[in-house]
Each structure stands twice: as C-alpha cells, then as structure tokens.
file protein19.txt (compact mmCIF, C-alpha atoms)
# COMPACT_ATOMS: atom_id res chain seq x y z
CA MET A 172 63.28 -60.70 -114.90
CA SER A 173 60.01 -61.64 -113.23
CA ARG A 174 61.97 -62.81 -110.17
CA SER A 175 62.36 -59.37 -108.73
CA ARG A 176 58.92 -58.72 -107.32
CA VAL A 177 59.71 -55.47 -105.62
CA PRO A 178 60.07 -52.61 -108.06
CA ALA A 179 63.30 -50.66 -107.88
CA ALA A 180 61.43 -47.52 -106.87
CA ALA A 181 60.04 -49.24 -103.76
CA VAL A 182 63.53 -50.33 -102.66
CA ASP A 183 64.73 -46.78 -102.99
CA ARG A 184 61.83 -45.52 -100.96
CA ARG A 185 62.56 -48.08 -98.24
CA ARG A 186 66.20 -47.14 -98.18
CA VAL A 187 65.30 -43.49 -97.86
CA LEU A 188 63.00 -44.32 -94.96
CA VAL A 189 65.72 -46.32 -93.17
CA LEU A 190 68.24 -43.54 -93.69
CA ALA A 191 65.78 -40.94 -92.43
CA LEU A 192 65.09 -42.99 -89.30
CA ALA A 193 68.81 -43.46 -88.67
CA GLY A 194 69.40 -39.75 -89.17
CA GLY A 195 66.60 -38.91 -86.79
CA ALA A 196 68.02 -41.24 -84.15
CA THR A 197 71.47 -39.63 -84.49
CA LEU A 198 69.99 -36.17 -84.08
CA LEU A 199 68.02 -37.26 -81.05
CA GLY A 200 71.10 -38.91 -79.57
CA GLY A 201 73.10 -35.75 -80.18
CA ALA A 202 70.48 -33.61 -78.50
CA LEU A 203 70.42 -35.92 -75.48
CA LEU A 204 74.20 -35.93 -75.26
CA SER A 205 74.45 -32.16 -75.42
CA ARG A 206 71.82 -31.91 -72.71
CA MET A 207 73.75 -34.35 -70.53
CA ALA A 208 76.91 -32.30 -71.01
CA ARG A 209 75.32 -29.27 -69.33
CA ALA A 210 76.17 -28.03 -65.88
CA THR A 211 73.44 -28.49 -63.30
CA PRO A 212 72.60 -26.57 -60.12
CA GLU A 213 74.45 -29.37 -58.26
CA THR A 214 77.69 -29.10 -60.26
CA ALA A 215 77.52 -25.29 -59.99
CA LYS A 216 77.12 -25.58 -56.20
CA LYS A 217 80.00 -28.07 -55.99
CA LEU A 218 82.26 -25.74 -57.94
CA LEU A 219 81.35 -22.84 -55.65
CA GLU A 220 82.23 -24.97 -52.62
CA THR A 221 85.71 -25.59 -54.03
CA LEU A 222 86.15 -21.87 -54.83
CA ALA A 223 84.95 -20.52 -51.47
CA LYS A 224 84.57 -22.79 -48.44
CA GLY A 225 81.70 -22.13 -46.06
CA ALA A 226 78.01 -21.34 -46.07
CA PRO A 227 77.18 -18.13 -47.94
CA LYS A 228 74.50 -15.77 -46.57
CA GLU A 229 72.18 -13.62 -48.65
CA GLY A 230 73.00 -9.93 -48.90
CA LYS A 231 75.80 -7.39 -49.35
CA ILE A 232 76.44 -8.48 -52.91
CA ASN A 233 74.39 -7.13 -55.82
CA LEU A 234 74.07 -8.45 -59.33
CA ARG A 235 72.70 -6.24 -62.08
CA ALA A 236 71.77 -8.20 -65.17
CA PRO A 237 69.07 -8.07 -67.84
CA GLU A 238 65.98 -10.09 -67.00
CA ILE A 239 65.79 -11.21 -70.60
CA ALA A 240 68.88 -11.45 -72.78
CA GLU A 241 68.07 -11.52 -76.46
CA ASN A 242 71.54 -12.64 -77.47
CA GLY A 243 73.18 -15.20 -75.22
CA ASN A 244 76.56 -14.53 -76.83
CA THR A 245 77.08 -11.34 -74.91
CA VAL A 246 75.11 -10.69 -71.75
CA PRO A 247 76.42 -7.79 -69.66
CA ILE A 248 76.36 -8.26 -65.89
CA THR A 249 77.55 -5.90 -63.15
CA ILE A 250 78.54 -7.14 -59.71
CA SER A 251 78.93 -4.80 -56.78
CA VAL A 252 79.50 -5.40 -53.07
CA ASP A 253 78.65 -3.10 -50.15
CA SER A 254 82.03 -2.82 -48.52
CA LYS A 255 84.40 -0.11 -47.32
CA MET A 256 87.28 -2.15 -48.73
CA GLU A 257 89.24 -1.56 -45.50
CA GLY A 258 90.35 -3.81 -42.64
CA GLN A 259 87.97 -6.73 -42.09
CA ASP A 260 85.30 -5.15 -44.31
CA PHE A 261 87.30 -6.02 -47.41
CA VAL A 262 86.26 -8.14 -50.36
CA LYS A 263 89.03 -10.59 -51.13
CA ALA A 264 87.33 -12.23 -54.09
CA VAL A 265 84.11 -12.62 -56.02
CA HIS A 266 83.28 -15.92 -57.72
CA VAL A 267 80.69 -16.29 -60.47
CA VAL A 268 79.13 -19.56 -61.65
CA ALA A 269 76.31 -20.45 -64.04
CA ASP A 270 74.14 -23.55 -63.70
CA GLY A 271 73.09 -24.15 -67.31
CA ASN A 272 76.21 -23.73 -69.45
CA PRO A 273 78.31 -26.69 -70.65
CA LEU A 274 80.72 -25.85 -67.80
CA PRO A 275 79.63 -24.18 -64.55
CA GLY A 276 82.63 -21.85 -64.16
CA VAL A 277 82.33 -18.24 -65.31
CA ALA A 278 84.96 -16.10 -63.58
CA SER A 279 86.71 -15.27 -60.31
CA PHE A 280 87.85 -11.77 -59.43
CA GLU A 281 90.41 -10.90 -56.78
CA PHE A 282 90.90 -7.45 -55.31
CA GLY A 283 93.98 -5.67 -53.99
CA PRO A 284 94.23 -3.04 -51.23
CA ALA A 285 93.96 -0.20 -53.80
CA SER A 286 90.66 -1.50 -55.18
CA GLY A 287 88.56 1.08 -53.35
CA LYS A 288 85.24 -0.46 -54.30
CA VAL A 289 83.87 -3.57 -55.92
CA ASP A 290 81.93 -2.72 -59.06
CA VAL A 291 82.86 -5.07 -61.87
CA GLN A 292 81.26 -5.46 -65.25
CA VAL A 293 81.83 -8.37 -67.64
CA ARG A 294 79.95 -9.91 -70.54
CA LEU A 295 78.82 -13.52 -70.41
CA ARG A 296 78.11 -16.22 -72.90
CA LEU A 297 74.97 -18.13 -71.91
CA VAL A 298 73.72 -21.15 -73.82
CA ALA A 299 70.20 -21.04 -72.37
CA THR A 300 68.02 -19.58 -69.63
CA GLN A 301 69.78 -20.22 -66.35
CA ASN A 302 70.80 -18.93 -62.93
CA ILE A 303 73.90 -16.86 -62.33
CA ILE A 304 75.28 -17.20 -58.82
CA CYS A 305 77.84 -14.77 -57.36
CA VAL A 306 79.62 -15.23 -54.04
CA ALA A 307 81.73 -12.57 -52.33
CA GLU A 308 84.51 -13.76 -50.05
CA MET A 309 85.31 -11.24 -47.30
CA ALA A 310 88.54 -10.74 -45.36
CA ASP A 311 86.75 -11.82 -42.14
CA GLY A 312 85.91 -15.16 -43.78
CA SER A 313 82.19 -14.54 -44.32
CA LEU A 314 80.56 -15.35 -47.65
CA TRP A 315 77.71 -13.44 -49.28
CA GLN A 316 75.69 -14.73 -52.16
CA VAL A 317 73.28 -13.49 -54.80
CA ALA A 318 71.57 -15.49 -57.52
CA ARG A 319 69.57 -14.26 -60.50
CA GLU A 320 67.86 -15.99 -63.37
CA ILE A 321 68.62 -14.64 -66.82
CA LYS A 322 66.23 -15.66 -69.58
CA VAL A 323 68.03 -16.23 -72.86
CA THR A 324 66.15 -15.95 -76.14
CA ILE A 325 68.93 -17.04 -78.50
CA GLY A 326 71.64 -19.11 -76.87
CA GLY A 327 75.33 -18.30 -77.17
CA CYS A 328 78.27 -20.73 -77.39
CA GLY A 329 77.56 -21.62 -81.06
CA GLY A 330 76.52 -25.10 -82.05
CA MET B 139 94.96 -15.45 -84.63
CA SER B 140 97.32 -13.83 -82.23
CA GLU B 141 98.07 -10.91 -84.57
CA ASP B 142 94.37 -9.92 -84.37
CA VAL B 143 94.58 -9.58 -80.61
CA LYS B 144 94.48 -5.93 -79.62
CA PRO B 145 94.07 -4.72 -76.05
CA ARG B 146 92.22 -1.45 -75.46
CA ILE B 147 92.01 0.40 -72.18
CA ARG B 148 90.16 3.50 -71.10
CA VAL B 149 91.29 5.26 -67.91
CA PRO B 150 91.19 8.99 -67.21
CA SER B 151 94.66 10.50 -67.49
CA SER B 152 94.24 12.47 -64.26
CA ALA B 153 92.32 12.07 -61.02
CA LYS B 154 91.93 13.69 -57.61
CA LYS B 155 93.62 12.01 -54.67
CA GLY B 156 91.33 9.39 -53.15
CA GLU B 157 88.98 9.39 -56.14
CA MET B 158 87.47 6.11 -57.33
CA VAL B 159 88.57 5.74 -60.91
CA GLU B 160 86.82 3.46 -63.36
CA VAL B 161 88.97 1.35 -65.65
CA LYS B 162 87.42 -0.09 -68.80
CA THR B 163 89.28 -2.75 -70.75
CA LEU B 164 88.57 -4.75 -73.85
CA ILE B 165 90.73 -7.14 -75.80
CA SER B 166 89.82 -8.42 -79.24
CA HIS B 167 90.01 -12.20 -78.94
CA VAL B 168 87.95 -15.13 -80.23
CA MET B 169 87.56 -16.76 -76.78
CA GLU B 170 87.06 -20.12 -78.49
CA SER B 171 85.14 -22.12 -75.90
CA GLY B 172 86.38 -25.61 -76.77
CA GLN B 173 82.74 -26.73 -77.01
CA ARG B 174 82.24 -26.06 -80.70
CA ARG B 175 82.90 -28.47 -83.56
CA ASP B 176 84.19 -27.67 -87.03
CA GLY B 177 82.51 -28.70 -90.30
CA ALA B 178 84.05 -32.19 -90.09
CA GLY B 179 82.70 -32.74 -86.58
CA LYS B 180 86.06 -32.39 -84.86
CA PRO B 181 86.13 -30.36 -81.66
CA ILE B 182 87.76 -26.93 -82.08
CA PRO B 183 90.40 -26.67 -79.33
CA ARG B 184 89.83 -24.19 -76.53
CA LYS B 185 91.65 -20.87 -76.86
CA ILE B 186 90.64 -18.19 -74.40
CA ILE B 187 92.12 -15.41 -72.32
CA ASN B 188 92.23 -17.27 -69.00
CA ASN B 189 93.68 -14.56 -66.79
CA PHE B 190 93.69 -10.77 -66.59
CA THR B 191 95.62 -8.68 -64.14
CA CYS B 192 95.92 -4.98 -63.45
CA SER B 193 98.60 -3.55 -61.24
CA TYR B 194 98.94 0.03 -59.95
CA ASN B 195 102.51 1.12 -59.29
CA GLY B 196 103.60 -2.52 -59.17
CA LYS B 197 100.89 -3.72 -56.75
CA ALA B 198 98.07 -6.01 -57.90
CA VAL B 199 94.79 -4.12 -57.77
CA PHE B 200 92.51 -6.42 -59.74
CA THR B 201 92.81 -9.99 -61.04
CA ALA B 202 90.28 -11.95 -63.05
CA LYS B 203 90.34 -15.66 -63.76
CA LEU B 204 88.19 -16.25 -66.82
CA GLU B 205 86.38 -19.33 -68.12
CA PRO B 206 84.89 -20.06 -71.57
CA ALA B 207 81.59 -18.56 -70.36
CA ILE B 208 83.05 -15.09 -70.99
CA SER B 209 82.07 -13.53 -74.32
CA ALA B 210 84.38 -13.11 -77.27
CA ASN B 211 86.34 -9.83 -77.12
CA PRO B 212 86.20 -9.88 -73.32
CA TYR B 213 85.21 -6.57 -71.76
CA ILE B 214 86.06 -6.02 -68.10
CA SER B 215 85.51 -2.85 -66.11
CA PHE B 216 86.39 -2.23 -62.48
CA PHE B 217 87.42 0.55 -60.08
CA PHE B 218 90.49 1.52 -58.09
CA ARG B 219 91.33 4.26 -55.61
CA ALA B 220 93.78 6.80 -57.02
CA ASP B 221 96.27 7.60 -54.23
CA GLN B 222 99.35 8.72 -56.11
CA SER B 223 100.51 9.39 -59.64
CA GLY B 224 101.93 6.40 -61.37
CA LYS B 225 101.44 3.68 -63.86
CA LEU B 226 98.70 1.14 -64.45
CA GLU B 227 99.89 -2.07 -66.07
CA PHE B 228 97.57 -4.59 -67.69
CA ALA B 229 98.29 -8.17 -68.78
CA TRP B 230 96.04 -10.69 -70.50
CA LYS B 231 97.18 -14.34 -70.55
CA ASP B 232 96.18 -16.54 -73.46
CA ASP B 233 95.71 -20.35 -73.34
CA ASP B 234 98.53 -20.65 -75.90
CA GLY B 235 100.98 -19.03 -73.48
CA SER B 236 101.11 -15.57 -75.04
CA VAL B 237 100.77 -12.55 -72.79
CA TYR B 238 99.34 -9.31 -74.16
CA LYS B 239 100.28 -6.15 -72.29
CA ALA B 240 99.23 -2.54 -72.07
CA GLU B 241 99.98 0.32 -69.69
CA GLN B 242 98.85 3.83 -68.93
CA ALA B 243 100.08 6.65 -66.75
CA ILE B 244 97.76 8.51 -64.40
CA THR B 245 98.41 11.86 -62.73
CA VAL B 246 96.92 12.25 -59.26
CA SER B 247 96.60 15.73 -57.78
call {"tool": "encode", "arguments": {"input": "protein19.txt", "output": "structure tokens"}}
result
Amino acid sequence: MSRSRVPAAAVDRRRVLVLALAGGATLLGGALLSRMARATPETAKKLLETLAKGAPKEGKINLRAPEIAENGNTVPITISVDSKMEGQDFVKAVHVVADGNPLPGVASFEFGPASGKVDVQVRLRLVATQNIICVAEMADGSLWQVAREIKVTIGGCGG
Amino acid sequence: MSEDVKPRIRVPSSAKKGEMVEVKTLISHVMESGQRRDGAGKPIPRKIINNFTCSYNGKAVFTAKLEPAISANPYISFFFRADQSGKLEFAWKDDDGSVYKAEQAITVS
C-alpha cells in the first residue's frame, strides 16, 4: 500500500487539469477554424468580379441600411438605383456581397422591362460587423458600386 | 418542413396606368444556412429558397438569386410599372426541388 506515493485525489486533480487544457485547446482551435472559414474583402471582391465584369464606379446606386444592427439574424437593407429604366439607362441586375460572412454571396436581382424602378428591400443575416457591397449592372455595360459598413451587436447565422 | 412553407404577397388590387406599384412578398421558410451543426456536431444540410421570380402577364419583371446570407422567412419587396390589367405570378424555388407558387390579379385603369 505504501507504494503508491501520489494520493488518489492528486491524480484526479491532474487528470482534470489535463482535460481542461485539452478542452481549451479544442475551443481555441474551433474559434480559429471558424475565423478562417469567413469571407474576406478579397473573396468578396473576387465573387463580384465573376458576377459583373468590369471596374465599378461610385454613384447612382444607394444602399439604405442601419448603421448598427442589434440582431444580425435579420438586418433590413434597401437598394435603389437612379435610373429611368428605359433604353440604355436600364438596370439589368444588382449584385450584393458581404465581406465578413462564412460565404461572401448575398443575392443577385435581375430586372425586366416592366420593372419601372429599382427599389428593393431584403433582410440579411450577418454574422458580425462587416461591409455590404452592392453593384448595379447597367444596360450600357457600366457598373456602379456602393459599400456600407453595418455594425452587428449580436451575430446571426447561429453557432 | 415543406408543409410549413407559406408564401404571402401584398400587392394593391388596382392601380392607375403607368403607376409604380410596390410588391411585398414573404415566405415562411427556415433558410437553413448549411453552416450550423446539430447537437452531435454534424453539419445540418443547407436548405434555402435559392431563387424567386415574379412575372407580370407572363413576362419576367423581377428575379432574385438568394444565398444563405438571406434571413429566415425571406422578405423581398420591389416595384413594377402597371401598364395593363393582368396577373402577377410568383414562384419560390427550394434547394430540395420544390417550387412554391402564388398569384394575384391587378386591375389597371
């Protein structure tokens, strides 16, 4: 009996410590992984380039969004474009991307001749504070861009 | 889940010729992003409405391609120019292949 020098309680304590360290490492690893899985401004830009080819200019397109969104699960945004929606002054499509969600894509809208005007509202799911970038693609081939940062207090997407 | 899916649309029943008419749509849908995991740590497969279309007298007037970054119960509003009386048809396409439809008549004077 005197052979076991370490009391049973000490072994338990050590085991608990080891388990706690391992658990901590897993959590840390998970957090790093989820951060790596996020979209970045670069991936968002790349996606936009595949959606609409060319160099977008600032202007024409407006994005109305809350400066601070308390609940990232449903963030209303309104996109409008100054356009007569006739002839060459016609919005063919509007593309929306986000640079801080797990995936950069948000939505693409296409308009028909009976559209009349571009004023679209949707609700977004944002995991954290990030930039929303909208690009309007006109019938004459020009691209117009607007970007806004939306601060998110409680992220959406669930965990 | 699909039996919970219910499209709702709000469009005025009449409009003046040339008037810009606002269309508001909402469909009850989980919009499962594919990013979440269940209690056992397995990823929950993606299930979203990936496409929405609205046609006015058979011609496409508005199309939306949606990604998981759109909230659950996706709400979409947009405008169209009322030129003649007719029918607005709406279709939402689900990842699982189902298509949910709705339609409404509009009288233009």
call {"tool": "interface_residues", "arguments": {"input": "protein19.txt", "of": "chain A", "to": "chain B", "cutoff": "8 Å", "atoms": "all atoms listed in the file", "output": "ChimeraX atom specification"}}
result
/A:244-246,272-274,276-297,328-330
call {"tool": "closest_residue", "arguments": {"input": "protein19.txt", "among": "A:Ile248, A:Ala310, A:Ile239, A:Val268", "to": "A:Thr211", "atoms": "only C-alpha atoms"}}
result
A:Val268
call {"tool": "atom_distance", "arguments": {"input": "protein19.txt", "atom1": "atom CA of A:Asn233", "atom2": "atom CA of A:Val298"}}
result
22.8 Å
call {"tool": "atom_distance", "arguments": {"input": "protein19.txt", "atom1": "atom CA of A:Gly258", "atom2": "atom CA of B:Lys154"}}
result
23.1 Å
call {"tool": "closest_residue", "arguments": {"input": "protein19.txt", "among": "B:Pro145, B:Gly224, B:Gly196, B:Gly177", "to": "B:Gln242", "atoms": "only C-alpha atoms"}}
result
B:Gly224
